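Peer 1: Got coords-v1.pdb for you, PDB, C-alpha atoms:
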ATOM      1  CA  MET A   1     -88.693 198.889  33.013
ATOM      2  CA  SER A   2     -86.912 199.814  29.791
ATOM      3  CA  TYR A   3     -84.586 196.777  29.802
ATOM      4  CA  TYR A   4     -87.484 194.335  29.539
ATOM      5  CA  ALA A   5     -89.563 196.572  27.270
ATOM      6  CA  ASP A   6     -86.647 196.783  24.839
ATOM      7  CA  LEU A   7     -86.569 192.973  24.739
ATOM      8  CA  GLY A   8     -90.222 192.771  23.780
ATOM      9  CA  PHE A   9     -91.827 192.071  27.168
ATOM     10  CA  GLU A  10     -95.488 193.101  27.028
ATOM     11  CA  ALA A  11     -96.888 194.907  30.071
ATOM     12  CA  ILE A  12    -100.085 193.196  31.220
ATOM     13  CA  THR A  13    -102.174 192.727  34.351
ATOM     14  CA  PRO A  14    -102.446 189.424  36.246
ATOM     15  CA  GLU A  15    -106.031 189.111  35.023
ATOM     16  CA  THR A  16    -104.952 189.410  31.388
ATOM     17  CA  LEU A  17    -102.168 186.885  31.929
ATOM     18  CA  ARG A  18    -104.745 184.150  32.513
ATOM     19  CA  GLU A  19    -106.041 184.638  28.972
ATOM     20  CA  ARG A  20    -102.724 184.900  27.125
ATOM     21  CA  THR A  21    -100.745 181.705  27.668
ATOM     22  CA  ALA A  22    -102.264 179.091  25.349
ATOM     23  CA  SER A  23     -99.519 179.325  22.705
ATOM     24  CA  PRO A  24     -96.584 177.040  21.841
ATOM     25  CA  ALA A  25     -94.437 180.094  20.998
ATOM     26  CA  VAL A  26     -92.261 181.800  23.623
ATOM     27  CA  GLN A  27     -94.189 184.708  25.117
ATOM     28  CA  ARG A  28     -92.674 187.458  27.263
ATOM     29  CA  PHE A  29     -94.768 189.426  29.725
ATOM     30  CA  LEU A  30     -94.121 192.127  32.304
ATOM     31  CA  VAL A  31     -96.860 191.353  34.801
ATOM     32  CA  GLU A  32     -98.069 194.121  37.045
ATOM     33  CA  GLY A  33     -97.123 193.498  40.670
ATOM     34  CA  VAL A  34     -94.756 190.558  40.094
ATOM     35  CA  GLY A  35     -92.454 191.336  37.169
ATOM     36  CA  PRO A  36     -91.067 189.700  34.007
ATOM     37  CA  VAL A  37     -91.812 186.159  32.890
ATOM     38  CA  SER A  38     -91.056 184.140  29.763
ATOM     39  CA  VAL A  39     -93.642 181.451  29.005
ATOM     40  CA  SER A  40     -92.636 178.495  26.813
ATOM     41  CA  GLY A  41     -94.678 175.548  25.590
ATOM     42  CA  ILE A  42     -98.061 173.946  26.189
ATOM     43  CA  PRO A  43     -98.840 172.287  29.570
ATOM     44  CA  GLU A  44     -99.529 168.755  28.353
ATOM     45  CA  LEU A  45     -97.537 167.253  31.240
ATOM     46  CA  GLY A  46     -97.997 170.232  33.529
ATOM     47  CA  ARG A  47     -96.283 173.517  34.286
ATOM     48  CA  ILE A  48     -93.106 174.538  36.098
ATOM     49  CA  LEU A  49     -92.274 177.844  37.781
ATOM     50  CA  LEU A  50     -88.551 178.217  37.087
ATOM     51  CA  ALA A  51     -86.173 180.572  38.934
ATOM     52  CA  HIS A  52     -82.652 181.616  37.961
ATOM     53  CA  GLY A  53     -79.340 181.377  39.798
ATOM     54  CA  ALA A  54     -77.658 184.115  41.834
ATOM     55  CA  GLY A  55     -75.576 185.674  39.064
ATOM     56  CA  ALA A  56     -77.646 185.503  35.857
ATOM     57  CA  GLY A  57     -81.340 185.925  35.135
ATOM     58  CA  HIS A  58     -83.802 183.777  33.251
ATOM     59  CA  LEU A  59     -82.600 185.104  29.885
ATOM     60  CA  SER A  60     -79.133 183.596  30.291
ATOM     61  CA  GLU A  61     -78.086 181.036  27.678
ATOM     62  CA  PHE A  62     -78.289 178.201  30.221
ATOM     63  CA  MET A  63     -81.800 179.110  31.338
ATOM     64  CA  ARG A  64     -83.112 179.664  27.815
ATOM     65  CA  GLN A  65     -81.775 176.327  26.557
ATOM     66  CA  PHE A  66     -83.026 174.439  29.611
ATOM     67  CA  ALA A  67     -86.482 176.021  29.276
ATOM     68  CA  ALA A  68     -86.643 175.378  25.527
ATOM     69  CA  VAL A  69     -85.949 171.666  25.909
ATOM     70  CA  LEU A  70     -88.429 171.323  28.781
ATOM     71  CA  ALA A  71     -91.047 172.979  26.572
ATOM     72  CA  SER A  72     -90.229 170.653  23.673
ATOM     73  CA  GLU A  73     -90.885 167.774  26.076
ATOM     74  CA  ARG A  74     -94.458 169.046  26.676
ATOM     75  CA  LEU A  75     -93.875 170.859  29.975
ATOM     76  CA  GLN A  76     -94.913 174.528  30.048
ATOM     77  CA  VAL A  77     -92.168 176.692  31.564
ATOM     78  CA  TRP A  78     -92.713 179.953  33.438
ATOM     79  CA  ALA A  79     -89.240 181.471  33.872
ATOM     80  CA  ILE A  80     -89.013 184.528  36.116
ATOM     81  CA  ASP A  81     -86.521 187.124  37.354
ATOM     82  CA  PHE A  82     -86.339 188.028  41.031
ATOM     83  CA  PRO A  83     -86.587 191.763  41.893
ATOM     84  CA  TYR A  84     -82.851 192.175  42.571
ATOM     85  CA  MET A  85     -82.096 190.677  39.144
ATOM     86  CA  GLN A  86     -84.596 193.042  37.549
ATOM     87  CA  GLN A  87     -82.759 195.965  39.145
ATOM     88  CA  MET A  88     -79.400 194.549  38.135
ATOM     89  CA  SER A  89     -80.555 194.226  34.536
ATOM     90  CA  GLU A  90     -81.978 197.751  34.447
ATOM     91  CA  GLU A  91     -78.847 199.320  35.942
ATOM     92  CA  ALA A  92     -76.323 197.044  34.183
ATOM     93  CA  LYS A  93     -74.631 196.710  37.556
ATOM     94  CA  ARG A  94     -73.976 193.505  39.481
ATOM     95  CA  ARG A  95     -75.368 193.127  42.975
ATOM     96  CA  PRO A  96     -75.653 190.201  45.390
ATOM     97  CA  PRO A  97     -79.020 188.567  45.987
ATOM     98  CA  PRO A  98     -80.928 189.582  49.130
ATOM     99  CA  PRO A  99     -81.560 187.167  52.020
ATOM    100  CA  VAL A 100     -83.269 184.047  50.735
ATOM    101  CA  LYS A 101     -86.458 184.937  52.631
ATOM    102  CA  LYS A 102     -87.059 187.863  50.250
ATOM    103  CA  THR A 103     -86.652 185.783  47.092
ATOM    104  CA  LEU A 104     -88.836 183.081  48.634
ATOM    105  CA  GLU A 105     -91.625 185.627  49.182
ATOM    106  CA  HIS A 106     -91.458 186.724  45.543
ATOM    107  CA  PHE A 107     -91.438 183.112  44.364
ATOM    108  CA  ALA A 108     -94.527 182.406  46.489
ATOM    109  CA  ALA A 109     -96.331 185.390  44.947
ATOM    110  CA  TRP A 110     -95.698 183.980  41.475
ATOM    111  CA  TYR A 111     -96.851 180.523  42.562
ATOM    112  CA  ASP A 112    -100.096 181.925  43.961
ATOM    113  CA  LEU A 113    -100.763 183.750  40.687
ATOM    114  CA  LEU A 114    -100.033 180.741  38.481
ATOM    115  CA  SER A 115    -101.986 178.307  40.624
ATOM    116  CA  SER A 116    -105.053 180.507  40.086
ATOM    117  CA  CYS A 117    -104.556 180.528  36.293
ATOM    118  CA  SER A 118    -105.030 176.818  35.636
ATOM    119  CA  GLY A 119    -105.718 173.489  37.255
ATOM    120  CA  SER A 120    -102.747 171.905  35.485
ATOM    121  CA  PRO A 121    -100.092 170.436  37.861
ATOM    122  CA  LEU A 122     -97.629 173.151  38.858
ATOM    123  CA  TRP A 123     -94.044 172.148  39.613
ATOM    124  CA  VAL A 124     -91.378 174.416  41.051
ATOM    125  CA  GLY A 125     -87.714 174.534  40.177
ATOM    126  CA  GLY A 126     -84.673 176.542  39.294
ATOM    127  CA  LYS A 127     -80.988 176.823  38.630
ATOM    128  CA  SER A 128     -78.653 176.842  41.664
ATOM    129  CA  MET A 129     -80.056 179.475  44.061
ATOM    130  CA  GLY A 130     -83.375 179.260  42.221
ATOM    131  CA  GLY A 131     -83.495 175.518  42.893
ATOM    132  CA  ARG A 132     -82.796 176.137  46.551
ATOM    133  CA  VAL A 133     -85.604 178.707  46.727
ATOM    134  CA  ALA A 134     -87.952 176.265  44.994
ATOM    135  CA  SER A 135     -87.072 173.492  47.433
ATOM    136  CA  LEU A 136     -87.604 175.806  50.420
ATOM    137  CA  PHE A 137     -90.993 176.735  48.980
ATOM    138  CA  ALA A 138     -91.892 173.059  48.574
ATOM    139  CA  SER A 139     -90.926 172.385  52.196
ATOM    140  CA  GLN A 140     -93.570 174.903  53.298
ATOM    141  CA  HIS A 141     -96.290 174.656  50.626
ATOM    142  CA  ARG A 142     -98.058 172.075  48.505
ATOM    143  CA  CYS A 143     -96.897 171.737  44.889
ATOM    144  CA  ALA A 144     -96.562 168.985  42.286
ATOM    145  CA  GLY A 145     -92.825 168.488  42.841
ATOM    146  CA  VAL A 146     -89.372 170.070  42.553
ATOM    147  CA  ILE A 147     -86.742 170.174  39.788
ATOM    148  CA  ALA A 148     -83.359 171.660  40.741
ATOM    149  CA  ALA A 149     -80.517 172.137  38.250
ATOM    150  CA  GLY A 150     -77.157 172.420  39.992
ATOM    151  CA  TYR A 151     -78.333 172.398  43.616
ATOM    152  CA  PRO A 152     -76.062 174.388  45.974
ATOM    153  CA  PHE A 153     -75.676 171.733  48.655
ATOM    154  CA  HIS A 154     -73.063 173.948  50.322
ATOM    155  CA  PRO A 155     -70.995 177.040  49.459
ATOM    156  CA  PRO A 156     -67.776 176.239  47.559
ATOM    157  CA  LYS A 157     -64.954 175.176  49.889
ATOM    158  CA  LYS A 158     -67.394 175.007  52.831
ATOM    159  CA  PRO A 159     -68.561 171.380  52.717
ATOM    160  CA  ASP A 160     -69.868 171.429  56.288
ATOM    161  CA  SER A 161     -72.339 174.281  55.663
ATOM    162  CA  LEU A 162     -75.058 172.058  54.229
ATOM    163  CA  ARG A 163     -78.315 173.455  52.855
ATOM    164  CA  THR A 164     -80.302 170.260  53.245
ATOM    165  CA  ASP A 165     -82.060 170.599  56.618
ATOM    166  CA  HIS A 166     -85.421 171.290  54.954
ATOM    167  CA  PHE A 167     -85.315 168.291  52.611
ATOM    168  CA  PRO A 168     -87.283 165.949  54.941
ATOM    169  CA  ASP A 169     -90.127 168.502  54.969
ATOM    170  CA  ILE A 170     -90.607 168.285  51.188
ATOM    171  CA  ALA A 171     -93.654 166.054  50.787
ATOM    172  CA  ARG A 172     -93.498 165.799  47.004
ATOM    173  CA  PRO A 173     -90.930 164.169  44.669
ATOM    174  CA  MET A 174     -87.756 166.147  44.032
ATOM    175  CA  LEU A 175     -85.169 165.715  41.282
ATOM    176  CA  ILE A 176     -81.696 167.246  41.424
ATOM    177  CA  LEU A 177     -79.705 167.447  38.195
ATOM    178  CA  GLN A 178     -76.069 167.749  39.237
ATOM    179  CA  GLY A 179     -72.711 167.944  37.524
ATOM    180  CA  GLU A 180     -70.296 165.325  38.842
ATOM    181  CA  ARG A 181     -67.667 168.014  39.556
ATOM    182  CA  ASP A 182     -69.994 170.659  40.976
ATOM    183  CA  PRO A 183     -68.081 172.619  43.664
ATOM    184  CA  PHE A 184     -71.423 173.216  45.419
ATOM    185  CA  GLY A 185     -71.810 169.449  45.870
ATOM    186  CA  SER A 186     -69.819 166.890  43.897
ATOM    187  CA  ARG A 187     -70.757 163.280  43.312
ATOM    188  CA  ASP A 188     -68.210 162.098  45.893
ATOM    189  CA  GLU A 189     -69.562 164.520  48.513
ATOM    190  CA  VAL A 190     -73.260 163.888  47.942
ATOM    191  CA  ALA A 191     -72.705 160.123  48.147
ATOM    192  CA  HIS A 192     -72.219 160.561  51.906
ATOM    193  CA  TYR A 193     -75.353 162.637  52.538
ATOM    194  CA  ALA A 194     -78.457 161.165  54.147
ATOM    195  CA  LEU A 195     -81.092 162.182  51.592
ATOM    196  CA  PRO A 196     -84.833 161.383  51.724
ATOM    197  CA  ASP A 197     -86.124 158.540  49.550
ATOM    198  CA  SER A 198     -88.353 160.998  47.679
ATOM    199  CA  LEU A 199     -85.280 162.900  46.447
ATOM    200  CA  HIS A 200     -83.562 161.663  43.297
ATOM    201  CA  VAL A 201     -80.190 162.818  41.934
ATOM    202  CA  HIS A 202     -79.235 162.492  38.271
ATOM    203  CA  TRP A 203     -75.511 162.916  37.623
ATOM    204  CA  LEU A 204     -74.233 164.690  34.522
ATOM    205  CA  THR A 205     -70.927 163.335  33.247
ATOM    206  CA  ASP A 206     -67.969 165.483  34.316
ATOM    207  CA  GLY A 207     -70.186 168.591  34.578
ATOM    208  CA  ASP A 208     -69.425 171.552  36.809
ATOM    209  CA  HIS A 209     -72.013 173.860  38.417
ATOM    210  CA  ASP A 210     -73.159 175.056  34.979
ATOM    211  CA  PHE A 211     -72.958 171.504  33.534
ATOM    212  CA  LYS A 212     -69.783 172.416  31.655
ATOM    213  CA  PRO A 213     -67.503 169.351  31.332
ATOM    214  CA  ARG A 214     -63.807 169.215  30.563
ATOM    215  CA  ARG A 215     -62.913 168.834  26.908
ATOM    216  CA  SER A 216     -61.411 165.405  27.582
ATOM    217  CA  SER A 217     -64.809 164.056  28.714
ATOM    218  CA  GLY A 218     -66.088 163.706  25.149
ATOM    219  CA  VAL A 219     -69.312 165.651  25.816
ATOM    220  CA  ASN A 220     -70.118 169.361  25.883
ATOM    221  CA  GLN A 221     -72.231 171.716  27.947
ATOM    222  CA  GLN A 222     -75.101 171.929  25.460
ATOM    223  CA  VAL A 223     -75.446 168.140  25.411
ATOM    224  CA  LEU A 224     -75.557 168.008  29.219
ATOM    225  CA  ILE A 225     -78.139 170.800  29.473
ATOM    226  CA  ASP A 226     -80.310 168.927  26.966
ATOM    227  CA  GLU A 227     -79.845 165.697  28.905
ATOM    228  CA  ALA A 228     -80.812 167.399  32.159
ATOM    229  CA  ALA A 229     -84.007 168.842  30.704
ATOM    230  CA  ILE A 230     -85.026 165.563  29.064
ATOM    231  CA  VAL A 231     -84.441 163.685  32.314
ATOM    232  CA  ALA A 232     -86.482 166.315  34.172
ATOM    233  CA  ALA A 233     -89.412 165.931  31.784
ATOM    234  CA  SER A 234     -89.190 162.137  32.076
ATOM    235  CA  PHE A 235     -89.279 162.491  35.856
ATOM    236  CA  VAL A 236     -92.456 164.580  35.644
ATOM    237  CA  ARG A 237     -93.983 162.044  33.246
ATOM    238  CA  ALA A 238     -93.123 159.205  35.641
ATOM    239  CA  GLN A 239     -94.772 160.976  38.570
ATOM    240  CA  LEU A 240     -97.922 161.447  36.508
ATOM    241  CA  ALA A 241     -97.936 157.705  35.795
ATOM    242  CA  VAL A 242     -97.529 156.925  39.494
ATOM    243  CA  ALA A 243    -100.409 159.247  40.359
ATOM    244  CA  ALA A 244    -102.607 157.647  37.688
ATOM    245  CA  ARG A 245    -101.884 154.144  39.006
ATOM    246  CA  THR A 246    -102.628 155.269  42.547
ATOM    247  CA  CYS A 247    -105.975 156.753  41.492
ATOM    248  CA  SER A 248    -106.974 153.612  39.597
ATOM    249  CA  THR A 249    -106.103 151.480  42.620
ATOM    250  CA  LEU A 250    -108.259 153.595  44.895
ATOM    251  CA  VAL A 251    -111.289 153.470  42.603
TER     252      VAL A 251
END
As structure tokens, please, write out the structure in this file.
Peer 2:
Amino acid sequence: MSYYADLGFEAITPETLRERTASPAVQRFLVEGVGPVSVSGIPELGRILLAHGAGAGHLSEFMRQFAAVLASERLQVWAIDFPYMQQMSEEAKRRPPPPVKKTLEHFAAWYDLLSSCSGSPLWVGGKSMGGRVASLFASQHRCAGVIAAGYPFHPPKKPDSLRTDHFPDIARPMLILQGERDPFGSRDEVAHYALPDSLHVHWLTDGDHDFKPRRSSGVNQQVLIDEAAIVAASFVRAQLAVAARTCSTLV
């Protein structure tokens, strides 16, 4: 894959990957059988498998900033590209994502690989479509929890086509970071949804689907992306504290 090779992604095997991730610097690998991944940070709080949205891969400005702040908050980030995005990047030609079942299968393959690399807690998450895929995975498999940035509660202008039926099946804590004006689910719309108690929503002031606010709001997109990542790391930290208290109570 010349696109990724030109960007410095190192071709390695899954076995080698297990030996190459103990570094605070951003590392880029092209892993045999699964594809490209950018690894950021040290897993002091845990790790998160992070998937991109439908239209831009994990090297987009949004994804890189979000991952960088998560890593600075002591959460190791594994940001991946789905196969259709890999093809899109190689061909420099836009294409729609495949049925969600296909991306879910690829996400599960990455999760299986990473869960075998370390015993550190492994969260799942993503931007928009990637967050939806992560939540679907969590509704079917065990994981530490879910972080979704800009969850697509419904397609724009189709408020009745909700993508929330699987939420009650998610056994672990889930955090959604959502712009107040997101056309995929605004604050006014989500207020009327029946959401599980284990799901938490953090609202970003005047943000749209990419957390971009209007100029009159007094904040900017970079500030909101930083806020979202810091809140996400705090959420992970809080869940670790809850787990620690639970263990000490049981002893």
Peer 1: Which is closest to A:Asp226 among A:Ala79, A:Leu70, A:Leu59, A:Ala144, if we use only C-alpha atoms?
Peer 2: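 Of all the options, A:Leu70 lies closest to A:Asp226.
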Peer 1: Go ahead and find all residues with at least one atom no further than 7 Å from (-85.5, 172.4, 27.0) in the file's coordinates, using only C-alpha atoms; report them as a PyMOL selection string.
Peer 2: chain A and resi 65-72+226+229
Peer 1: Give me the residues within 12 Å of A:Pro155 as a count of residues only, counting all atoms listed in the file and dropping any in the same chain fewer than 3 places off.
Peer 2: 16
Peer 1: Once the PyMOL selection byres ((chain A and resi 9) around 7) has been evaluated on this model, what residues remain selected, and can you format them as a list in words?
Peer 2: Tyr4, Ala5, Leu7, Gly8, Glu10, Ala11, Arg28, Phe29 and Leu30 of chain A
Peer 1: Counting all atoms listed in the file, which residue out of A:Pro196, A:Pro14, A:Gly131, A:Pro168 sits closest to A:Leu104?
Peer 2: A:Gly131
Peer 1: Closest to A:Thr21 among A:Ala191, A:Ile42, A:Ala238, A:Val201, using only C-alpha atoms?
Peer 2: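 Ranked by minimum distance to A:Thr21, first place goes to A:Ile42.
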Peer 1: Identify, on the basis of only C-alpha atoms, every residue whose closest approach to A:Glu15 does not exceed 10 Å; exclude the query and any residue fewer than 5 positions from it along the same chain; express the result as a CSV table (one decimal) with C-alpha atoms, in the frame of the given file.
Peer 2:
chain,number,residue,atom,x,y,z
A,20,ARG,CA,-102.7,184.9,27.1
A,31,VAL,CA,-96.9,191.4,34.8
A,32,GLU,CA,-98.1,194.1,37.0
A,113,LEU,CA,-100.8,183.8,40.7
A,117,CYS,CA,-104.6,180.5,36.3
Peer 1: For A:Ser234, which residue among A:Glu73, A:Glu44, A:Asp6, A:Glu61 is the nearest when counting only C-alpha atoms?
Peer 2: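 Looking only at the distances to A:Ser234, the closest residue turns out to be A:Glu73.
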Peer 1: What residues come out when you apply the PyMOL selection byres ((chain A and resi 213) around 12) to this file, written as a list in words?
Peer 2: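 Checking the PyMOL selection byres ((chain A and resi 213) around 12) against this file, the residues are Gln178, Gly179, Glu180, Arg181, Asp182, Leu204, Thr205, Asp206, Gly207, Asp208, His209, Asp210, Phe211, Lys212, Arg214, Arg215, Ser216, Ser217, Gly218, Val219, Asn220, Gln221, Gln222, Val223, Leu224 and Ile225 of chain A.
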Peer 1: Any chance you could work out the residue set of the PyMOL selection byres ((chain A and resi 52) around 7) here, as a PDB file with C-alpha atoms, keeping the file's coordinate frame?
Peer 2:
ATOM      1  CA  LEU A  50     -88.551 178.217  37.087  1.00  0.00           C
ATOM      2  CA  ALA A  51     -86.173 180.572  38.934  1.00  0.00           C
ATOM      3  CA  GLY A  53     -79.340 181.377  39.798  1.00  0.00           C
ATOM      4  CA  ALA A  54     -77.658 184.115  41.834  1.00  0.00           C
ATOM      5  CA  ALA A  56     -77.646 185.503  35.857  1.00  0.00           C
ATOM      6  CA  GLY A  57     -81.340 185.925  35.135  1.00  0.00           C
ATOM      7  CA  HIS A  58     -83.802 183.777  33.251  1.00  0.00           C
ATOM      8  CA  ASP A  81     -86.521 187.124  37.354  1.00  0.00           C
ATOM      9  CA  GLY A 126     -84.673 176.542  39.294  1.00  0.00           C
ATOM     10  CA  LYS A 127     -80.988 176.823  38.630  1.00  0.00           C
ATOM     11  CA  MET A 129     -80.056 179.475  44.061  1.00  0.00           C
ATOM     12  CA  GLY A 130     -83.375 179.260  42.221  1.00  0.00           C
TER      13      GLY A 130
END
Peer 1: Distance atom CA of A:Thr16-atom CA of A:Cys143, one decimal place?
Peer 2: 23.7 Å
Peer 1: Stretch 87-98 of chain A: which residues within 8 Å, counting all atoms listed in the file, same-chain residues fewer than 6 positions away excluded, as a list in words?
Peer 2: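 Close residues of stretch 87-98 of chain A: Met1, Ser2, Tyr3, Ala54 and Gly55 of chain A.
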Peer 1: Skipping near chain neighbours, those fewer than 6 positions away, what residues fall within 12 Å of A:Asp112 using only C-alpha atoms, listed as a PyMOL selection string?
Peer 2: chain A and resi 14+34+49+105-106+118+122+124+137+141-143
Peer 1: Please report the interatomic distance between atom CA of A:Ala243 and atom CA of A:Gly46 in Å with one decimal.
Peer 2: 13.2 Å
Peer 1: Can you patch up stretch 160-169 of chain A, filling it in to all heavy atoms, and show the result as a compact mmCIF listing (two decimals), in the frame of the given file?
Peer 2:
# COMPACT_ATOMS: atom_id res chain seq x y z
N ASP A 160 -69.10 171.71 55.07
CA ASP A 160 -69.87 171.43 56.29
C ASP A 160 -71.09 172.33 56.43
O ASP A 160 -71.93 172.11 57.31
CB ASP A 160 -68.97 171.59 57.53
CG ASP A 160 -67.84 170.57 57.55
OD1 ASP A 160 -68.04 169.45 57.06
OD2 ASP A 160 -66.75 170.91 58.05
N SER A 161 -71.20 173.36 55.59
CA SER A 161 -72.34 174.28 55.66
C SER A 161 -73.45 173.80 54.74
O SER A 161 -73.76 174.42 53.72
CB SER A 161 -71.89 175.70 55.27
OG SER A 161 -70.87 176.17 56.14
N LEU A 162 -74.07 172.69 55.11
CA LEU A 162 -75.06 172.06 54.23
C LEU A 162 -76.39 172.81 54.21
O LEU A 162 -76.82 173.36 55.24
CB LEU A 162 -75.29 170.61 54.66
CG LEU A 162 -74.13 169.64 54.42
CD1 LEU A 162 -74.51 168.24 54.87
CD2 LEU A 162 -73.73 169.63 52.94
N ARG A 163 -77.00 172.82 53.04
CA ARG A 163 -78.32 173.46 52.86
C ARG A 163 -79.36 172.38 52.57
O ARG A 163 -80.09 172.42 51.58
CB ARG A 163 -78.23 174.44 51.70
CG ARG A 163 -77.27 175.61 51.95
CD ARG A 163 -76.88 176.26 50.67
NE ARG A 163 -76.13 177.51 50.85
CZ ARG A 163 -75.35 178.05 49.93
NH1 ARG A 163 -75.20 177.45 48.75
NH2 ARG A 163 -74.71 179.17 50.17
N THR A 164 -79.43 171.42 53.46
CA THR A 164 -80.30 170.26 53.24
C THR A 164 -81.26 170.02 54.41
O THR A 164 -82.03 169.05 54.36
CB THR A 164 -79.46 168.99 53.03
OG1 THR A 164 -78.60 168.79 54.18
CG2 THR A 164 -78.59 169.10 51.79
N ASP A 165 -81.24 170.86 55.43
CA ASP A 165 -82.06 170.60 56.62
C ASP A 165 -83.55 170.53 56.30
O ASP A 165 -84.30 169.82 56.98
CB ASP A 165 -81.82 171.69 57.67
CG ASP A 165 -80.47 171.58 58.35
OD1 ASP A 165 -79.79 170.55 58.16
OD2 ASP A 165 -80.07 172.53 59.05
N HIS A 166 -83.99 171.25 55.26
CA HIS A 166 -85.42 171.29 54.95
C HIS A 166 -85.86 170.14 54.05
O HIS A 166 -87.06 169.96 53.84
CB HIS A 166 -85.77 172.62 54.27
CG HIS A 166 -85.06 172.82 52.96
ND1 HIS A 166 -83.71 173.06 52.88
CD2 HIS A 166 -85.53 172.81 51.67
CE1 HIS A 166 -83.37 173.20 51.61
NE2 HIS A 166 -84.44 173.05 50.86
N PHE A 167 -84.95 169.35 53.54
CA PHE A 167 -85.32 168.29 52.61
C PHE A 167 -86.36 167.32 53.17
O PHE A 167 -87.30 166.95 52.44
CB PHE A 167 -84.07 167.52 52.17
CG PHE A 167 -83.25 168.20 51.10
CD1 PHE A 167 -82.09 167.62 50.63
CD2 PHE A 167 -83.63 169.43 50.57
CE1 PHE A 167 -81.32 168.24 49.64
CE2 PHE A 167 -82.88 170.06 49.58
CZ PHE A 167 -81.72 169.45 49.12
N PRO A 168 -86.27 166.89 54.43
CA PRO A 168 -87.28 165.95 54.94
C PRO A 168 -88.69 166.54 54.98
O PRO A 168 -89.68 165.78 55.05
CB PRO A 168 -86.78 165.63 56.36
CG PRO A 168 -85.31 165.89 56.30
CD PRO A 168 -85.16 167.07 55.39
N ASP A 169 -88.81 167.87 54.92
CA ASP A 169 -90.13 168.50 54.97
C ASP A 169 -90.78 168.63 53.59
O ASP A 169 -91.92 169.10 53.48
CB ASP A 169 -90.01 169.90 55.60
CG ASP A 169 -89.54 169.84 57.05
OD1 ASP A 169 -89.93 168.89 57.75
OD2 ASP A 169 -88.78 170.73 57.45
